[in-house]
>>> print(open('protein10.cif').read())   # mmCIF, C-alpha atoms; chains and numbers go by the auth columns
data_coords
#
loop_
_atom_site.group_PDB
_atom_site.id
_atom_site.type_symbol
_atom_site.label_atom_id
_atom_site.label_comp_id
_atom_site.label_asym_id
_atom_site.label_seq_id
_atom_site.Cartn_x
_atom_site.Cartn_y
_atom_site.Cartn_z
_atom_site.B_iso_or_equiv
_atom_site.auth_seq_id
_atom_site.auth_asym_id
ATOM 1 C CA MET A 1 0.000 0.000 0.000 0.00 1 A
ATOM 2 C CA VAL A 2 1.570 3.283 -1.093 0.00 2 A
ATOM 3 C CA SER A 3 1.260 6.032 1.500 0.00 3 A
ATOM 4 C CA SER A 4 0.137 9.530 0.554 0.00 4 A
ATOM 5 C CA ASP A 5 3.604 10.832 1.415 0.00 5 A
ATOM 6 C CA GLN A 6 5.270 8.288 -0.869 0.00 6 A
ATOM 7 C CA ARG A 7 2.819 9.179 -3.617 0.00 7 A
ATOM 8 C CA ARG A 8 3.636 12.889 -3.251 0.00 8 A
ATOM 9 C CA ARG A 9 7.352 12.160 -3.501 0.00 9 A
ATOM 10 C CA GLN A 10 6.790 10.010 -6.572 0.00 10 A
ATOM 11 C CA LEU A 11 4.714 12.731 -8.257 0.00 11 A
ATOM 12 C CA ALA A 12 7.359 15.339 -7.428 0.00 12 A
ATOM 13 C CA ARG A 13 10.121 13.186 -8.930 0.00 13 A
ATOM 14 C CA GLU A 14 8.058 12.550 -12.049 0.00 14 A
ATOM 15 C CA LYS A 15 7.368 16.277 -12.415 0.00 15 A
ATOM 16 C CA PHE A 16 11.067 17.029 -11.948 0.00 16 A
ATOM 17 C CA GLU A 17 12.008 14.584 -14.720 0.00 17 A
ATOM 18 C CA ARG A 18 9.193 15.728 -17.068 0.00 18 A
ATOM 19 C CA GLN A 19 10.397 19.324 -16.784 0.00 19 A
ATOM 20 C CA GLN A 20 13.918 18.313 -17.715 0.00 20 A
ATOM 21 C CA GLN A 21 12.663 16.285 -20.684 0.00 21 A
ATOM 22 C CA ARG A 22 10.577 19.228 -21.941 0.00 22 A
ATOM 23 C CA ARG A 23 13.563 21.558 -21.670 0.00 23 A
ATOM 24 C CA GLU A 24 15.770 19.105 -23.540 0.00 24 A
ATOM 25 C CA GLU A 25 13.165 18.739 -26.298 0.00 25 A
ATOM 26 C CA ALA A 26 13.094 22.527 -26.634 0.00 26 A
ATOM 27 C CA ARG A 27 16.889 22.595 -26.959 0.00 27 A
ATOM 28 C CA ARG A 28 16.733 19.879 -29.610 0.00 28 A
ATOM 29 C CA ARG A 29 14.268 21.937 -31.618 0.00 29 A
ATOM 30 C CA THR A 30 16.572 24.949 -31.285 0.00 30 A
ATOM 31 C CA ARG A 31 19.558 22.948 -32.518 0.00 31 A
ATOM 32 C CA ARG A 32 17.595 21.656 -35.508 0.00 32 A
ATOM 33 C CA LEU A 33 16.457 25.183 -36.346 0.00 33 A
ATOM 34 C CA THR A 34 20.049 26.408 -36.080 0.00 34 A
ATOM 35 C CA VAL A 35 21.180 23.764 -38.567 0.00 35 A
ATOM 36 C CA VAL A 36 18.431 24.786 -41.010 0.00 36 A
ATOM 37 C CA ILE A 37 19.315 28.478 -40.723 0.00 37 A
ATOM 38 C CA ALA A 38 23.027 27.768 -41.114 0.00 38 A
ATOM 39 C CA SER A 39 22.364 25.677 -44.214 0.00 39 A
ATOM 40 C CA SER A 40 20.189 28.419 -45.728 0.00 40 A
ATOM 41 C CA VAL A 41 22.868 31.038 -45.117 0.00 41 A
ATOM 42 C CA ALA A 42 25.475 28.789 -46.723 0.00 42 A
ATOM 43 C CA VAL A 43 23.325 28.358 -49.833 0.00 43 A
ATOM 44 C CA VAL A 44 22.863 32.124 -50.169 0.00 44 A
ATOM 45 C CA ALA A 45 26.604 32.643 -49.817 0.00 45 A
ATOM 46 C CA VAL A 46 27.339 30.118 -52.553 0.00 46 A
ATOM 47 C CA ILE A 47 24.879 31.732 -54.969 0.00 47 A
ATOM 48 C CA ALA A 48 26.089 35.267 -54.246 0.00 48 A
ATOM 49 C CA GLY A 49 29.793 34.548 -54.460 0.00 49 A
ATOM 50 C CA GLY A 50 29.775 31.841 -57.084 0.00 50 A
ATOM 51 C CA THR A 51 31.890 29.800 -54.714 0.00 51 A
ATOM 52 C CA TYR A 52 31.917 26.009 -54.589 0.00 52 A
ATOM 53 C CA LEU A 53 30.981 24.586 -51.199 0.00 53 A
ATOM 54 C CA ALA A 54 31.711 20.911 -50.633 0.00 54 A
ATOM 55 C CA MET A 55 28.722 19.169 -49.044 0.00 55 A
ATOM 56 C CA GLY A 56 30.765 16.414 -47.426 0.00 56 A
ATOM 57 C CA ASP A 57 31.637 18.478 -44.355 0.00 57 A
ATOM 58 C CA ASP A 58 28.061 19.754 -44.048 0.00 58 A
ATOM 59 C CA ASP A 59 26.789 16.179 -44.129 0.00 59 A
ATOM 60 C CA LYS A 60 29.172 15.309 -41.342 0.00 60 A
ATOM 61 C CA LYS A 61 28.002 18.318 -39.346 0.00 61 A
ATOM 62 C CA ASP A 62 24.349 17.373 -39.833 0.00 62 A
ATOM 63 C CA LYS A 63 25.085 13.849 -38.650 0.00 63 A
ATOM 64 C CA SER A 64 26.956 15.261 -35.695 0.00 64 A
ATOM 65 C CA ASP A 65 24.034 17.525 -34.809 0.00 65 A
ATOM 66 C CA ALA A 66 21.621 14.613 -35.155 0.00 66 A
ATOM 67 C CA SER A 67 23.828 12.575 -32.878 0.00 67 A
ATOM 68 C CA ALA A 68 23.927 15.426 -30.378 0.00 68 A
ATOM 69 C CA SER A 69 20.142 15.547 -30.393 0.00 69 A
ATOM 70 C CA ALA A 70 19.938 11.813 -29.762 0.00 70 A
ATOM 71 C CA SER A 71 22.562 12.048 -27.026 0.00 71 A
ATOM 72 C CA PRO A 72 22.064 15.498 -25.473 0.00 72 A
ATOM 73 C CA SER A 73 25.217 17.339 -24.505 0.00 73 A
ATOM 74 C CA ALA A 74 23.789 19.733 -21.961 0.00 74 A
ATOM 75 C CA SER A 75 23.467 20.086 -18.253 0.00 75 A
ATOM 76 C CA ALA A 76 20.203 20.033 -16.361 0.00 76 A
ATOM 77 C CA SER A 77 18.788 22.452 -18.180 0.00 77 A
ATOM 78 C CA PRO A 78 21.820 23.735 -19.647 0.00 78 A
ATOM 79 C CA SER A 79 22.821 24.940 -23.030 0.00 79 A
ATOM 80 C CA GLU A 80 24.185 22.580 -25.671 0.00 80 A
ATOM 81 C CA SER A 81 27.851 21.723 -25.604 0.00 81 A
ATOM 82 C CA SER A 82 30.234 23.338 -28.071 0.00 82 A
ATOM 83 C CA ALA A 83 33.567 23.161 -26.272 0.00 83 A
ATOM 84 C CA PRO A 84 35.693 20.598 -24.432 0.00 84 A
ATOM 85 C CA GLU A 85 35.657 20.492 -20.666 0.00 85 A
ATOM 86 C CA PRO A 86 38.544 22.309 -18.933 0.00 86 A
ATOM 87 C CA ALA A 87 41.935 20.644 -18.869 0.00 87 A
ATOM 88 C CA MET A 88 42.561 18.731 -15.659 0.00 88 A
ATOM 89 C CA LYS A 89 44.580 20.990 -13.340 0.00 89 A
ATOM 90 C CA ILE A 90 43.498 20.041 -9.831 0.00 90 A
ATOM 91 C CA ASP A 91 45.171 17.712 -7.365 0.00 91 A
ATOM 92 C CA LYS A 92 43.055 14.577 -7.670 0.00 92 A
ATOM 93 C CA LYS A 93 43.966 13.494 -4.162 0.00 93 A
ATOM 94 C CA ALA A 94 42.931 16.743 -2.498 0.00 94 A
ATOM 95 C CA GLU A 95 39.765 18.175 -1.044 0.00 95 A
ATOM 96 C CA TYR A 96 38.436 21.503 -2.281 0.00 96 A
ATOM 97 C CA THR A 97 35.948 23.971 -0.830 0.00 97 A
ATOM 98 C CA MET A 98 33.552 26.027 -2.913 0.00 98 A
ATOM 99 C CA SER A 99 32.479 29.251 -1.221 0.00 99 A
ATOM 100 C CA LEU A 100 29.514 31.319 -2.379 0.00 100 A
ATOM 101 C CA LYS A 101 28.782 34.839 -1.229 0.00 101 A
ATOM 102 C CA THR A 102 25.028 35.246 -1.616 0.00 102 A
ATOM 103 C CA SER A 103 22.250 37.645 -0.725 0.00 103 A
ATOM 104 C CA GLN A 104 21.142 35.099 1.894 0.00 104 A
ATOM 105 C CA GLY A 105 24.531 34.715 3.532 0.00 105 A
ATOM 106 C CA ASP A 106 27.697 32.763 2.808 0.00 106 A
ATOM 107 C CA LEU A 107 27.346 29.166 1.639 0.00 107 A
ATOM 108 C CA ALA A 108 30.130 26.605 1.383 0.00 108 A
ATOM 109 C CA PHE A 109 30.584 22.948 0.551 0.00 109 A
ATOM 110 C CA THR A 110 33.519 20.564 0.257 0.00 110 A
ATOM 111 C CA MET A 111 34.380 18.472 -2.792 0.00 111 A
ATOM 112 C CA LYS A 112 36.555 15.356 -2.732 0.00 112 A
ATOM 113 C CA ALA A 113 38.506 15.304 -5.976 0.00 113 A
ATOM 114 C CA ALA A 114 39.338 11.610 -5.613 0.00 114 A
ATOM 115 C CA LYS A 115 35.646 10.758 -6.044 0.00 115 A
ATOM 116 C CA THR A 116 34.624 13.444 -8.526 0.00 116 A
ATOM 117 C CA PRO A 117 37.736 14.756 -10.308 0.00 117 A
ATOM 118 C CA HIS A 118 35.971 16.013 -13.448 0.00 118 A
ATOM 119 C CA THR A 119 33.251 17.808 -11.504 0.00 119 A
ATOM 120 C CA THR A 120 35.672 19.345 -9.008 0.00 120 A
ATOM 121 C CA ASN A 121 38.058 20.443 -11.746 0.00 121 A
ATOM 122 C CA SER A 122 35.222 21.971 -13.772 0.00 122 A
ATOM 123 C CA PHE A 123 33.846 23.921 -10.820 0.00 123 A
ATOM 124 C CA LYS A 124 37.272 25.286 -9.966 0.00 124 A
ATOM 125 C CA ALA A 125 37.895 26.326 -13.568 0.00 125 A
ATOM 126 C CA LEU A 126 34.490 28.038 -13.765 0.00 126 A
ATOM 127 C CA ALA A 127 34.842 29.775 -10.407 0.00 127 A
ATOM 128 C CA ASP A 128 38.369 30.966 -11.248 0.00 128 A
ATOM 129 C CA LYS A 129 37.061 32.810 -14.301 0.00 129 A
ATOM 130 C CA GLY A 130 34.059 34.303 -12.448 0.00 130 A
ATOM 131 C CA PHE A 131 31.439 32.191 -14.217 0.00 131 A
ATOM 132 C CA PHE A 132 29.120 31.992 -11.193 0.00 132 A
ATOM 133 C CA ASP A 133 29.512 35.637 -10.165 0.00 133 A
ATOM 134 C CA GLY A 134 26.310 37.590 -10.712 0.00 134 A
ATOM 135 C CA THR A 135 24.150 34.467 -11.128 0.00 135 A
ATOM 136 C CA LYS A 136 21.244 33.351 -8.967 0.00 136 A
ATOM 137 C CA CYS A 137 19.756 30.181 -7.561 0.00 137 A
ATOM 138 C CA HIS A 138 16.756 30.061 -9.856 0.00 138 A
ATOM 139 C CA ARG A 139 14.761 27.120 -8.544 0.00 139 A
ATOM 140 C CA LEU A 140 13.470 25.896 -5.195 0.00 140 A
ATOM 141 C CA THR A 141 11.475 22.696 -4.713 0.00 141 A
ATOM 142 C CA THR A 142 9.604 22.259 -1.448 0.00 142 A
ATOM 143 C CA GLN A 143 7.463 19.164 -1.956 0.00 143 A
ATOM 144 C CA GLY A 144 8.491 15.571 -2.639 0.00 144 A
ATOM 145 C CA ILE A 145 12.122 16.579 -3.066 0.00 145 A
ATOM 146 C CA PHE A 146 13.776 19.452 -1.234 0.00 146 A
ATOM 147 C CA VAL A 147 16.427 21.204 -3.287 0.00 147 A
ATOM 148 C CA LEU A 148 17.727 24.642 -4.213 0.00 148 A
ATOM 149 C CA GLN A 149 19.122 24.721 -7.742 0.00 149 A
ATOM 150 C CA CYS A 150 21.876 27.137 -8.802 0.00 150 A
ATOM 151 C CA GLY A 151 24.627 27.579 -11.382 0.00 151 A
ATOM 152 C CA ASP A 152 22.647 28.741 -14.409 0.00 152 A
ATOM 153 C CA PRO A 153 24.069 31.910 -16.012 0.00 153 A
ATOM 154 C CA LYS A 154 20.715 32.506 -17.741 0.00 154 A
ATOM 155 C CA GLY A 155 18.699 32.113 -14.558 0.00 155 A
ATOM 156 C CA ASP A 156 15.896 30.182 -16.253 0.00 156 A
ATOM 157 C CA GLY A 157 17.118 26.591 -16.123 0.00 157 A
ATOM 158 C CA THR A 158 18.499 26.486 -19.664 0.00 158 A
ATOM 159 C CA GLY A 159 22.019 27.863 -19.241 0.00 159 A
ATOM 160 C CA GLY A 160 25.367 26.162 -19.004 0.00 160 A
ATOM 161 C CA PRO A 161 29.115 26.565 -19.600 0.00 161 A
ATOM 162 C CA GLY A 162 29.114 25.394 -23.230 0.00 162 A
ATOM 163 C CA TYR A 163 30.473 21.932 -22.421 0.00 163 A
ATOM 164 C CA THR A 164 29.437 18.855 -20.454 0.00 164 A
ATOM 165 C CA ILE A 165 31.200 16.643 -17.941 0.00 165 A
ATOM 166 C CA PRO A 166 30.856 12.911 -17.253 0.00 166 A
ATOM 167 C CA ASP A 167 28.741 11.503 -14.442 0.00 167 A
ATOM 168 C CA GLU A 168 30.766 10.488 -11.393 0.00 168 A
ATOM 169 C CA ASN A 169 30.292 8.778 -8.026 0.00 169 A
ATOM 170 C CA LEU A 170 26.783 7.576 -8.922 0.00 170 A
ATOM 171 C CA THR A 171 27.103 4.661 -6.492 0.00 171 A
ATOM 172 C CA GLY A 172 28.333 6.927 -3.705 0.00 172 A
ATOM 173 C CA LEU A 173 24.928 7.074 -2.021 0.00 173 A
ATOM 174 C CA GLY A 174 24.281 3.348 -2.163 0.00 174 A
ATOM 175 C CA LYS A 175 22.250 0.993 -4.299 0.00 175 A
ATOM 176 C CA ALA A 176 18.831 2.038 -5.572 0.00 176 A
ATOM 177 C CA GLY A 177 15.863 0.567 -3.764 0.00 177 A
ATOM 178 C CA ALA A 178 12.846 -1.174 -5.243 0.00 178 A
ATOM 179 C CA ASP A 179 11.437 2.208 -6.274 0.00 179 A
ATOM 180 C CA GLY A 180 14.574 3.007 -8.299 0.00 180 A
ATOM 181 C CA THR A 181 15.740 5.779 -5.984 0.00 181 A
ATOM 182 C CA VAL A 182 18.359 6.462 -3.362 0.00 182 A
ATOM 183 C CA THR A 183 18.290 9.009 -0.571 0.00 183 A
ATOM 184 C CA TYR A 184 20.246 12.187 -1.223 0.00 184 A
ATOM 185 C CA PRO A 185 20.840 13.237 2.411 0.00 185 A
ATOM 186 C CA ALA A 186 20.349 16.798 3.601 0.00 186 A
ATOM 187 C CA GLY A 187 23.598 18.660 3.021 0.00 187 A
ATOM 188 C CA THR A 188 24.377 16.899 -0.261 0.00 188 A
ATOM 189 C CA VAL A 189 25.365 18.940 -3.309 0.00 189 A
ATOM 190 C CA ALA A 190 24.737 17.208 -6.631 0.00 190 A
ATOM 191 C CA MET A 191 24.852 17.934 -10.357 0.00 191 A
ATOM 192 C CA ALA A 192 21.684 18.706 -12.271 0.00 192 A
ATOM 193 C CA ASN A 193 21.345 17.184 -15.738 0.00 193 A
ATOM 194 C CA THR A 194 18.913 16.638 -18.601 0.00 194 A
ATOM 195 C CA GLY A 195 17.960 13.142 -17.509 0.00 195 A
ATOM 196 C CA GLN A 196 20.447 11.667 -19.980 0.00 196 A
ATOM 197 C CA PRO A 197 23.870 10.285 -18.987 0.00 197 A
ATOM 198 C CA HIS A 198 26.881 12.614 -18.892 0.00 198 A
ATOM 199 C CA THR A 199 24.959 15.857 -19.430 0.00 199 A
ATOM 200 C CA GLY A 200 26.150 17.810 -16.404 0.00 200 A
ATOM 201 C CA GLY A 201 27.324 21.366 -17.000 0.00 201 A
ATOM 202 C CA SER A 202 27.321 24.126 -14.403 0.00 202 A
ATOM 203 C CA GLN A 203 23.948 23.682 -12.704 0.00 203 A
ATOM 204 C CA PHE A 204 23.886 22.022 -9.314 0.00 204 A
ATOM 205 C CA PHE A 205 21.429 21.554 -6.486 0.00 205 A
ATOM 206 C CA LEU A 206 21.722 21.856 -2.728 0.00 206 A
ATOM 207 C CA VAL A 207 19.675 19.289 -0.801 0.00 207 A
ATOM 208 C CA TYR A 208 18.264 20.832 2.389 0.00 208 A
ATOM 209 C CA LYS A 209 16.141 17.853 3.482 0.00 209 A
ATOM 210 C CA ASP A 210 16.550 14.144 2.724 0.00 210 A
ATOM 211 C CA SER A 211 15.235 13.582 -0.811 0.00 211 A
ATOM 212 C CA LYS A 212 14.681 10.432 -2.829 0.00 212 A
ATOM 213 C CA LEU A 213 15.860 10.618 -6.441 0.00 213 A
ATOM 214 C CA PRO A 214 17.206 8.183 -9.031 0.00 214 A
ATOM 215 C CA PRO A 215 20.976 7.688 -8.566 0.00 215 A
ATOM 216 C CA THR A 216 21.701 9.558 -11.799 0.00 216 A
ATOM 217 C CA TYR A 217 22.778 12.909 -10.360 0.00 217 A
ATOM 218 C CA THR A 218 26.470 13.147 -9.476 0.00 218 A
ATOM 219 C CA PRO A 219 26.800 13.758 -5.698 0.00 219 A
ATOM 220 C CA PHE A 220 29.991 15.784 -5.442 0.00 220 A
ATOM 221 C CA GLY A 221 29.822 18.023 -2.391 0.00 221 A
ATOM 222 C CA THR A 222 28.752 18.324 1.227 0.00 222 A
ATOM 223 C CA MET A 223 27.573 21.565 2.841 0.00 223 A
ATOM 224 C CA ASP A 224 28.830 22.616 6.237 0.00 224 A
ATOM 225 C CA ASP A 225 26.303 22.998 9.073 0.00 225 A
ATOM 226 C CA ALA A 226 25.951 26.772 8.749 0.00 226 A
ATOM 227 C CA SER A 227 25.321 26.514 5.000 0.00 227 A
ATOM 228 C CA LEU A 228 22.750 23.768 5.433 0.00 228 A
ATOM 229 C CA LYS A 229 20.904 25.896 7.970 0.00 229 A
ATOM 230 C CA ALA A 230 20.919 28.859 5.579 0.00 230 A
ATOM 231 C CA VAL A 231 19.500 26.757 2.747 0.00 231 A
ATOM 232 C CA LYS A 232 16.877 25.289 5.102 0.00 232 A
ATOM 233 C CA ASP A 233 15.803 28.846 5.922 0.00 233 A
ATOM 234 C CA ILE A 234 15.492 29.609 2.209 0.00 234 A
ATOM 235 C CA GLY A 235 13.405 26.467 1.809 0.00 235 A
ATOM 236 C CA ALA A 236 11.209 27.324 4.795 0.00 236 A
ATOM 237 C CA ALA A 237 10.392 30.715 3.244 0.00 237 A
ATOM 238 C CA GLY A 238 8.951 28.857 0.271 0.00 238 A
ATOM 239 C CA VAL A 239 8.530 29.539 -3.420 0.00 239 A
ATOM 240 C CA ALA A 240 7.518 32.904 -4.808 0.00 240 A
ATOM 241 C CA GLY A 241 3.780 32.864 -5.467 0.00 241 A
ATOM 242 C CA GLY A 242 3.182 29.979 -3.079 0.00 242 A
ATOM 243 C CA ALA A 243 3.825 27.075 -5.475 0.00 243 A
ATOM 244 C CA ALA A 244 5.875 24.024 -4.546 0.00 244 A
ATOM 245 C CA ASP A 245 8.425 24.509 -7.323 0.00 245 A
ATOM 246 C CA GLY A 246 9.822 27.716 -8.768 0.00 246 A
ATOM 247 C CA ALA A 247 11.904 30.759 -7.900 0.00 247 A
ATOM 248 C CA PRO A 248 12.628 30.985 -4.160 0.00 248 A
ATOM 249 C CA LYS A 249 10.695 33.660 -2.287 0.00 249 A
ATOM 250 C CA LYS A 250 13.982 34.663 -0.671 0.00 250 A
ATOM 251 C CA ALA A 251 16.014 35.569 -3.748 0.00 251 A
ATOM 252 C CA VAL A 252 19.453 33.952 -3.702 0.00 252 A
ATOM 253 C CA ASP A 253 21.867 36.077 -5.729 0.00 253 A
ATOM 254 C CA ILE A 254 25.479 34.921 -5.946 0.00 254 A
ATOM 255 C CA SER A 255 27.887 37.844 -5.956 0.00 255 A
ATOM 256 C CA LYS A 256 31.105 35.839 -5.776 0.00 256 A
ATOM 257 C CA ALA A 257 32.150 32.186 -6.022 0.00 257 A
ATOM 258 C CA ALA A 258 35.562 30.708 -5.277 0.00 258 A
ATOM 259 C CA VAL A 259 37.046 27.235 -5.153 0.00 259 A
ATOM 260 C CA ASP A 260 40.152 26.681 -3.041 0.00 260 A
ATOM 261 C CA LYS A 261 42.141 23.696 -1.908 0.00 261 A
ATOM 262 C CA SER A 262 41.097 22.786 1.633 0.00 262 A
#
>>> encode(input="protein10.cif", output="structure tokens")
Amino acid sequence: MVSSDQRRRQLAREKFERQQQRREEARRRTRRLTVVIASSVAVVAVIAGGTYLAMGDDDKKDKSDASASASPSASASPSESSAPEPAMKIDKKAEYTMSLKTSQGDLAFTMKAAKTPHTTNSFKALADKGFFDGTKCHRLTTQGIFVLQCGDPKGDGTGGPGYTIPDENLTGLGKAGADGTVTYPAGTVAMANTGQPHTGGSQFFLVYKDSKLPPTYTPFGTMDDASLKAVKDIGAAGVAGGAADGAPKKAVDISKAAVDKS
């Protein structure tokens, strides 16, 4: 017999995944439209300049774009990938701390590079160039799952760094139960994605209350006690407009982000 609480969590997870699928479908349509526009421009250029344009490379590009649509290269609502991930420069045996100065107080979480080297390296590279500065935590979920989502430069759930990183540490929270989920404990920081493998970018979520989710979101950080309390307070204030999912009522603007070796 499924309890009402379990049913609410299930519905929240399903909504969470449907939203990501809809966003990815929108990005696929955008990529297809971009290919069509690019092809049209190329044709006009050939006619105007009388120049010969070999179609072989265009065919390869179209196939590449089709492949990208079938295997999305974006992060949980992030923009499509067009660049390689940053070169590995961190100490893979070290622990790093990401510090965020926000309008709701300072937040911080630790990252163990040995478990999530690609994610840790990417976050350090992004923070070092000021990628997160001036962004906001655009999404708060207060029912079923309890997360604050940040890291989108667009602030609408569709932005990213222009590249993707591989999933890591997916077994770090244990084996999935009969319902296909594991518990992401309060204090966990994990990567958002499109619902497809290896589509993490810059968006991440801060878990402020134990939440059950499929083990497909890279858990890569742990908040300190003060940060967890601050995020709990943001969650307690609720979503703007009174919904269970949307922009947090207490706006969380990130003025500065830094990643340093602990």
>>> closest_residue(input="protein10.cif", among="A:Leu100, A:Leu213, A:Ile165, A:Ala12", to="Met88 in chain A", atoms="only C-alpha atoms")
A:Ile165
>>> closest_residue(input="protein10.cif", among="A:Gly105, A:Pro84, A:Gly221, A:Pro214", to="Ile254 in chain A", atoms="all atoms listed in the file")
A:Gly105
>>> atom_distance(input="protein10.cif", atom1="CA of Pro215 in chain A", atom2="CA of Ile145 in chain A")
13.7 Å
>>> atom_distance(input="protein10.cif", atom1="CA of Arg7 in chain A", atom2="CA of Thr218 in chain A")
24.7 Å
>>> residues_around(input="protein10.cif", residues="range 233-237 of chain A", least_positions_apart="5", cutoff="8 Å", atoms="all atoms listed in the file", output="list in words")
Gln104, Leu140, Thr141, Thr142, Phe146, Val147, Leu148, Tyr208, Pro248, Lys249 and Lys250 of chain A
>>> atom_distance(input="protein10.cif", atom1="CA of Ala176 in chain A", atom2="CA of Phe109 in chain A")
24.8 Å
>>> closest_residue(input="protein10.cif", among="A:Thr188, A:Ser211, A:Asn121, A:Thr97", to="Gln10 in chain A", atoms="all atoms listed in the file")
A:Ser211
>>> closest_residue(input="protein10.cif", among="A:Ser122, A:Gln149, A:Ser262, A:Gln19", to="Gln203 in chain A", atoms="all atoms listed in the file")
A:Gln149
>>> decode(input="protein10.cif", residues="range 2-16 of chain A", atoms="N, CA and C atoms", output="CSV table (one decimal), in the first residue's frame")
chain,number,residue,atom,x,y,z
A,2,VAL,N,0.8,2.1,-1.0
A,2,VAL,CA,1.6,3.3,-1.1
A,2,VAL,C,1.0,4.4,-0.2
A,3,SER,N,1.8,5.0,0.6
A,3,SER,CA,1.3,6.0,1.5
A,3,SER,C,1.1,7.3,0.7
A,4,SER,N,0.3,8.3,1.2
A,4,SER,CA,0.1,9.5,0.6
A,4,SER,C,1.4,10.3,0.4
A,5,ASP,N,2.3,10.1,1.5
A,5,ASP,CA,3.6,10.8,1.4
A,5,ASP,C,4.5,10.3,0.3
A,6,GLN,N,4.5,8.9,0.2
A,6,GLN,CA,5.3,8.3,-0.9
A,6,GLN,C,4.7,8.7,-2.2
A,7,ARG,N,3.4,8.8,-2.4
A,7,ARG,CA,2.8,9.2,-3.6
A,7,ARG,C,3.2,10.6,-4.0
A,8,ARG,N,3.2,11.5,-3.0
A,8,ARG,CA,3.6,12.9,-3.3
A,8,ARG,C,5.1,13.0,-3.7
A,9,ARG,N,6.0,12.2,-3.1
A,9,ARG,CA,7.4,12.2,-3.5
A,9,ARG,C,7.5,11.6,-4.9
A,10,GLN,N,6.7,10.6,-5.2
A,10,GLN,CA,6.8,10.0,-6.6
A,10,GLN,C,6.3,11.0,-7.6
A,11,LEU,N,5.2,11.7,-7.3
A,11,LEU,CA,4.7,12.7,-8.3
A,11,LEU,C,5.7,13.9,-8.4
A,12,ALA,N,6.4,14.3,-7.3
A,12,ALA,CA,7.4,15.3,-7.4
A,12,ALA,C,8.5,14.9,-8.3
A,13,ARG,N,9.0,13.7,-8.1
A,13,ARG,CA,10.1,13.2,-8.9
A,13,ARG,C,9.7,13.1,-10.4
A,14,GLU,N,8.5,12.6,-10.7
A,14,GLU,CA,8.1,12.5,-12.0
A,14,GLU,C,7.9,13.9,-12.7
A,15,LYS,N,7.5,14.9,-11.9
A,15,LYS,CA,7.4,16.3,-12.4
A,15,LYS,C,8.7,16.8,-12.7
A,16,PHE,N,9.7,16.6,-11.8
A,16,PHE,CA,11.1,17.0,-11.9
A,16,PHE,C,11.7,16.5,-13.3
